[in-house]
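One structure is given here, and the rest of the page talks about it.
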Amino acid sequence: MKIFARIRFYWGAFVISFNTAVFMIPALMLFGRHKSTIVHHINRLTLFMIGGRLKQEGEMDTTVDMYVMNHQGIVDIIGLEALQNNHLRWVAKKELFETPWFGNLLRHGEMISLDRQNKAGLIKLIKDVKESREVLHRPVAIFPEGTRTDKQPLLPFKQGTKLIAEKLNLRIQPIVITGSKWVLNEHKHSAHSGTVKYTFLPVINVTGEEKQWFETLRTEMQKVIDHEYHHHHRSR
């Protein structure tokens, strides 16, 4: 079984890379006006080819400024793009923009580059989020943990997300993702067919919220993660 899971992992990695390089990037370059639709349909195809299914709980509010979610790997992004067609603008670390294939995808998708080693990176991120809301009219998607993890407990949230939300008075919707690590585990190099679940929590209007709203947000997301694990055996 471990050998089969390893083979499935490399198949999944191939499918993701192939669909990105051969289908998605050329389509974005040729049909720029339909970026969100292209990303949506190709990611649905990719998820199907690697044996992933989708499940949703709660409703996605398409009027918010930012979605915050936990992070395990690339399937988090593939699944959410396959689930909806809301033209998200993802925040990704600068290093990913410098990779051959996915860098082209991020640039042509007009995603947000974050330089975590530069003190001016936060200032740029604030400007980019403001541009997303006021000029591009695209919601921002961000992982406040700042990196991937293979553990159940959420990592401490980076304070940059809180600062930006309060600075720009954003409306935020938290999303809890479970099951993506089972479909494709980038830490253990294993993969299985399975369901990725997206739980949409109530919207937070940062203006007027209590000072501890960011810590409360993390606590509520962890409760959902724990519930899914203990009641449905679905890890995050």
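To be explicit about the labels: the chains of the structure tokens are called A, B, and onward in the order shown, and within each one the residues are counted from 1, while ligands get numbers from 1 in the order they are shown.
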
Range 99-228 of chain A: which residues are strand (DSSP E) by DSSP, as a list in words?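 Strand (DSSP E) members of range 99-228 of chain A, listed: Ile112, Ser113, Leu114, Val140, Ala141, Ile142, Arg171, Ile172, Gln173, Pro174, Ile175, Val176, Ile177, Thr178, Leu184, Asn185, Ser190, Ala191, Gly194, Thr195, Val196, Lys197, Tyr198, Thr199, Phe200, Ile204 and Asn205 of chain A.
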
Using only C-alpha atoms, I'd like a table of the residues in range 173-232 of chain A that come within 12 Å of range 53-56 of chain A; for each, show the closest atom pair and its distance in Å rounded to one decimal, ordered by chain and ascending number, as a tab-separated table.
```
residue	atom	partner	partner_atom	distance
A:Ile175	CA	A:Gln56	CA	10.3
A:Val176	CA	A:Gln56	CA	10.2
A:Ile177	CA	A:Gln56	CA	9.7
A:Thr178	CA	A:Lys55	CA	9.8
A:Gly179	CA	A:Leu54	CA	9.6
A:Ser180	CA	A:Arg53	CA	9.7
A:Trp182	CA	A:Arg53	CA	11.4
A:Val183	CA	A:Arg53	CA	9.0
A:His192	CA	A:Arg53	CA	11.1
A:Ser193	CA	A:Arg53	CA	7.9
A:Gly194	CA	A:Arg53	CA	6.1
A:Thr195	CA	A:Arg53	CA	4.5
A:Val196	CA	A:Leu54	CA	5.1
A:Lys197	CA	A:Lys55	CA	4.6
A:Tyr198	CA	A:Gln56	CA	4.9
A:Thr199	CA	A:Gln56	CA	6.0
A:Phe200	CA	A:Gln56	CA	7.7
A:Leu201	CA	A:Gln56	CA	11.1
```

Would you save the residues of that selection, restricted to N, CA and C atoms, as a PDB file, in the first residue's frame?
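Written output follows (selection.pdb):
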```
ATOM      1  N   ILE A 175     -11.709  30.184   6.351  1.00  0.00           N
ATOM      2  CA  ILE A 175     -12.012  28.908   5.710  1.00  0.00           C
ATOM      3  C   ILE A 175     -11.121  27.840   6.329  1.00  0.00           C
ATOM      4  N   VAL A 176     -11.727  26.749   6.765  1.00  0.00           N
ATOM      5  CA  VAL A 176     -10.960  25.637   7.323  1.00  0.00           C
ATOM      6  C   VAL A 176     -10.908  24.520   6.283  1.00  0.00           C
ATOM      7  N   ILE A 177      -9.694  24.070   5.970  1.00  0.00           N
ATOM      8  CA  ILE A 177      -9.494  23.031   4.954  1.00  0.00           C
ATOM      9  C   ILE A 177      -9.043  21.750   5.639  1.00  0.00           C
ATOM     10  N   THR A 178      -9.763  20.672   5.378  1.00  0.00           N
ATOM     11  CA  THR A 178      -9.378  19.366   5.925  1.00  0.00           C
ATOM     12  C   THR A 178      -9.402  18.323   4.813  1.00  0.00           C
ATOM     13  N   GLY A 179      -8.516  17.361   4.918  1.00  0.00           N
ATOM     14  CA  GLY A 179      -8.486  16.260   3.960  1.00  0.00           C
ATOM     15  C   GLY A 179      -7.527  16.417   2.804  1.00  0.00           C
ATOM     16  N   SER A 180      -6.985  17.599   2.574  1.00  0.00           N
ATOM     17  CA  SER A 180      -6.123  17.777   1.400  1.00  0.00           C
ATOM     18  C   SER A 180      -4.804  17.030   1.544  1.00  0.00           C
ATOM     19  N   TRP A 182      -4.410  14.159   2.834  1.00  0.00           N
ATOM     20  CA  TRP A 182      -4.638  12.751   2.487  1.00  0.00           C
ATOM     21  C   TRP A 182      -4.583  12.567   0.973  1.00  0.00           C
ATOM     22  N   VAL A 183      -5.155  13.527   0.250  1.00  0.00           N
ATOM     23  CA  VAL A 183      -5.183  13.438  -1.216  1.00  0.00           C
ATOM     24  C   VAL A 183      -3.777  13.565  -1.792  1.00  0.00           C
ATOM     25  N   HIS A 192      -3.630   9.573  -2.013  1.00  0.00           N
ATOM     26  CA  HIS A 192      -4.760   8.645  -2.018  1.00  0.00           C
ATOM     27  C   HIS A 192      -5.961   9.362  -2.623  1.00  0.00           C
ATOM     28  N   SER A 193      -6.936   8.611  -3.063  1.00  0.00           N
ATOM     29  CA  SER A 193      -8.198   9.228  -3.439  1.00  0.00           C
ATOM     30  C   SER A 193      -8.916   9.639  -2.154  1.00  0.00           C
ATOM     31  N   GLY A 194      -9.613  10.748  -2.192  1.00  0.00           N
ATOM     32  CA  GLY A 194     -10.270  11.207  -0.975  1.00  0.00           C
ATOM     33  C   GLY A 194     -10.980  12.527  -1.182  1.00  0.00           C
ATOM     34  N   THR A 195     -11.578  13.009  -0.102  1.00  0.00           N
ATOM     35  CA  THR A 195     -12.381  14.229  -0.148  1.00  0.00           C
ATOM     36  C   THR A 195     -11.682  15.373   0.580  1.00  0.00           C
ATOM     37  N   VAL A 196     -11.643  16.522  -0.068  1.00  0.00           N
ATOM     38  CA  VAL A 196     -11.136  17.743   0.551  1.00  0.00           C
ATOM     39  C   VAL A 196     -12.350  18.579   0.967  1.00  0.00           C
ATOM     40  N   LYS A 197     -12.423  18.890   2.256  1.00  0.00           N
ATOM     41  CA  LYS A 197     -13.582  19.619   2.757  1.00  0.00           C
ATOM     42  C   LYS A 197     -13.210  21.068   3.063  1.00  0.00           C
ATOM     43  N   TYR A 198     -14.090  21.970   2.636  1.00  0.00           N
ATOM     44  CA  TYR A 198     -13.923  23.403   2.901  1.00  0.00           C
ATOM     45  C   TYR A 198     -15.076  23.865   3.779  1.00  0.00           C
ATOM     46  N   THR A 199     -14.752  24.296   4.989  1.00  0.00           N
ATOM     47  CA  THR A 199     -15.752  24.788   5.932  1.00  0.00           C
ATOM     48  C   THR A 199     -15.656  26.306   5.992  1.00  0.00           C
ATOM     49  N   PHE A 200     -16.720  26.975   5.554  1.00  0.00           N
ATOM     50  CA  PHE A 200     -16.747  28.436   5.533  1.00  0.00           C
ATOM     51  C   PHE A 200     -17.364  28.943   6.832  1.00  0.00           C
ATOM     52  N   LEU A 201     -16.575  29.690   7.599  1.00  0.00           N
ATOM     53  CA  LEU A 201     -17.026  30.219   8.885  1.00  0.00           C
ATOM     54  C   LEU A 201     -17.650  31.600   8.704  1.00  0.00           C
TER      55      LEU A 201
END
```

Tell me, in Å to one decimal, how far CA of Leu168 in chain A is from CA of Met221 in chain A. 22.6 Å

As a PyMOL selection string, please: the residues near range 29-32 of chain A (cut-off 12 Å, only C-alpha atoms, same-chain neighbours under 2 positions excluded). chain A and resi 21-27+34-39+104-110

Expected file contents, prior selection, C-alpha atoms, as a PDB file, in the first residue's frame:
```
ATOM      1  CA  ALA A  21       2.599  24.107 -17.885  1.00  0.00           C
ATOM      2  CA  VAL A  22       0.682  22.777 -20.894  1.00  0.00           C
ATOM      3  CA  PHE A  23      -2.867  24.013 -20.282  1.00  0.00           C
ATOM      4  CA  MET A  24      -3.138  26.721 -17.652  1.00  0.00           C
ATOM      5  CA  ILE A  25      -0.216  29.042 -18.385  1.00  0.00           C
ATOM      6  CA  PRO A  26      -0.788  29.171 -22.200  1.00  0.00           C
ATOM      7  CA  ALA A  27      -4.526  29.664 -21.659  1.00  0.00           C
ATOM      8  CA  HIS A  34     -11.190  34.772 -18.715  1.00  0.00           C
ATOM      9  CA  LYS A  35      -8.513  34.071 -16.106  1.00  0.00           C
ATOM     10  CA  SER A  36     -10.816  33.039 -13.277  1.00  0.00           C
ATOM     11  CA  THR A  37     -12.808  30.656 -15.480  1.00  0.00           C
ATOM     12  CA  ILE A  38      -9.633  29.085 -16.895  1.00  0.00           C
ATOM     13  CA  VAL A  39      -8.163  28.549 -13.434  1.00  0.00           C
ATOM     14  CA  ASN A 104       4.775  32.022 -14.657  1.00  0.00           C
ATOM     15  CA  LEU A 105       1.385  30.924 -13.359  1.00  0.00           C
ATOM     16  CA  LEU A 106       1.551  33.353 -10.434  1.00  0.00           C
ATOM     17  CA  ARG A 107       2.706  36.244 -12.598  1.00  0.00           C
ATOM     18  CA  HIS A 108       0.121  35.724 -15.338  1.00  0.00           C
ATOM     19  CA  GLY A 109      -2.552  35.263 -12.686  1.00  0.00           C
ATOM     20  CA  GLU A 110      -1.527  38.620 -11.163  1.00  0.00           C
TER      21      GLU A 110
END
```

Suppose you want the space between CA of Glu57 in chain A and CA of Glu186 in chain A; what is it in Å?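 Atom-to-atom, CA of Glu57 in chain A to CA of Glu186 in chain A, that is 25.2 Å.
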
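Using only C-alpha atoms, the smallest distance between any of A:Ile3, A:Ala141, A:Met60, A:Ile74 and Ser17 in chain A comes from A:Ile74.
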
Straight-line distance linking CA of Arg133 in chain A with CA of Leu47 in chain A, stated in Å to one decimal: 28.9 Å

What's around range 203-209 of chain A at 10 Å? Count only C-alpha atoms, leave out sequence neighbours fewer than 6 positions away in its own chain, and write the answer as a ChimeraX atom specification. /A:60-61,63-67,162,165-175,217

Generate a file of the selected residues that holds C-alpha atoms, formatted as an mmCIF file, in the first residue's frame.
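again.cif written:
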```cif
data_model
loop_
_atom_site.group_PDB
_atom_site.id
_atom_site.type_symbol
_atom_site.label_atom_id
_atom_site.label_comp_id
_atom_site.auth_asym_id
_atom_site.auth_seq_id
_atom_site.Cartn_x
_atom_site.Cartn_y
_atom_site.Cartn_z
ATOM 1 C CA MET A 60 -18.781 31.391 0.687
ATOM 2 C CA ASP A 61 -19.380 35.132 0.973
ATOM 3 C CA THR A 63 -18.338 40.136 -1.107
ATOM 4 C CA VAL A 64 -15.526 39.902 1.463
ATOM 5 C CA ASP A 65 -12.099 41.470 1.003
ATOM 6 C CA MET A 66 -9.994 38.576 2.258
ATOM 7 C CA TYR A 67 -10.178 34.829 2.906
ATOM 8 C CA LYS A 162 -4.002 41.137 11.473
ATOM 9 C CA ALA A 165 -6.963 43.731 8.132
ATOM 10 C CA GLU A 166 -7.110 46.444 10.783
ATOM 11 C CA LYS A 167 -5.239 49.008 8.691
ATOM 12 C CA LEU A 168 -7.654 48.620 5.749
ATOM 13 C CA ASN A 169 -10.787 47.747 7.784
ATOM 14 C CA LEU A 170 -11.297 44.534 5.865
ATOM 15 C CA ARG A 171 -14.165 42.090 5.890
ATOM 16 C CA ILE A 172 -12.708 38.613 6.345
ATOM 17 C CA GLN A 173 -14.069 35.102 5.969
ATOM 18 C CA PRO A 174 -12.149 32.227 7.576
ATOM 19 C CA ILE A 175 -12.012 28.908 5.710
ATOM 20 C CA LEU A 217 -10.327 33.478 14.843
#
```

Residue nearest Asn43 in chain A among A:Asp150, A:Glu81, A:Glu134, A:Glu95 (counting only C-alpha atoms):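 So, comparing all the options, the nearest one is A:Glu81.
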
DSSP on the backbone: what in range 40-232 of chain A comes out alpha helix (DSSP H), as a PyMOL selection string? chain A and resi 40-49+74-83+94-97+100-108+121-131+159-168+180-183+213-232

Find the residues around Ala13 in chain A up to 12 Å (only C-alpha atoms counted), leave out those fewer than 6 positions away in its own chain, and share them as a list in words. Arg6, Ile7, Asn19, Thr20, Thr46, Leu47, Met49, Ile50, Gly73, Ile74, Val75, Val183, Leu184, Asn185, Glu186, His189, Ser190 and Ala191 of chain A

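The residue set within 7 Å of Arg138 in chain A, counting only C-alpha atoms and dropping same-chain residues fewer than 4 places from it, reads His87, Leu88, Arg89, Ser132 and Arg133 of chain A.
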
Let me see the file: selected residues, N, CA and C atoms, as a PDB file, in the first residue's frame.
```pdb
ATOM      1  N   HIS A  87     -12.391  34.522  -8.715  1.00  0.00           N
ATOM      2  CA  HIS A  87     -11.203  35.270  -9.158  1.00  0.00           C
ATOM      3  C   HIS A  87     -10.341  35.710  -7.979  1.00  0.00           C
ATOM      4  N   LEU A  88      -9.918  34.750  -7.178  1.00  0.00           N
ATOM      5  CA  LEU A  88      -9.107  35.046  -6.004  1.00  0.00           C
ATOM      6  C   LEU A  88      -7.720  35.550  -6.399  1.00  0.00           C
ATOM      7  N   ARG A  89      -7.167  36.344  -5.521  1.00  0.00           N
ATOM      8  CA  ARG A  89      -5.791  36.814  -5.702  1.00  0.00           C
ATOM      9  C   ARG A  89      -4.971  36.285  -4.527  1.00  0.00           C
ATOM     10  N   SER A 132      -6.081  45.349  -4.680  1.00  0.00           N
ATOM     11  CA  SER A 132      -6.998  44.247  -4.982  1.00  0.00           C
ATOM     12  C   SER A 132      -8.441  44.648  -4.718  1.00  0.00           C
ATOM     13  N   ARG A 133      -8.657  45.351  -3.625  1.00  0.00           N
ATOM     14  CA  ARG A 133     -10.013  45.728  -3.250  1.00  0.00           C
ATOM     15  C   ARG A 133     -10.533  46.903  -4.070  1.00  0.00           C
TER      16      ARG A 133
END
```

Identify which of the residues A:Ile42, A:Ala5, A:Val91, A:Ala82 lies closest to Thr147 in chain A, counting only C-alpha atoms when measuring atom-to-atom distances.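 That would be A:Val91, the residue with the smallest distance to Thr147 in chain A.
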
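Look at range 115-128 of chain A: the protein and nucleic acid residues within 7 Å of it, using only C-alpha atoms and passing over chain neighbours fewer than 4 places away, are Lys93, Lys94, Ser132, Gly160 and Ile164 of chain A.
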
Pick out the closest residue to Gln159 in chain A from this set: A:Gln212, A:Asn86, A:Ser235, A:Ser113. Count only C-alpha atoms.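 Going through A:Gln212, A:Asn86, A:Ser235, A:Ser113 one by one, the smallest distance to Gln159 in chain A is for A:Gln212.
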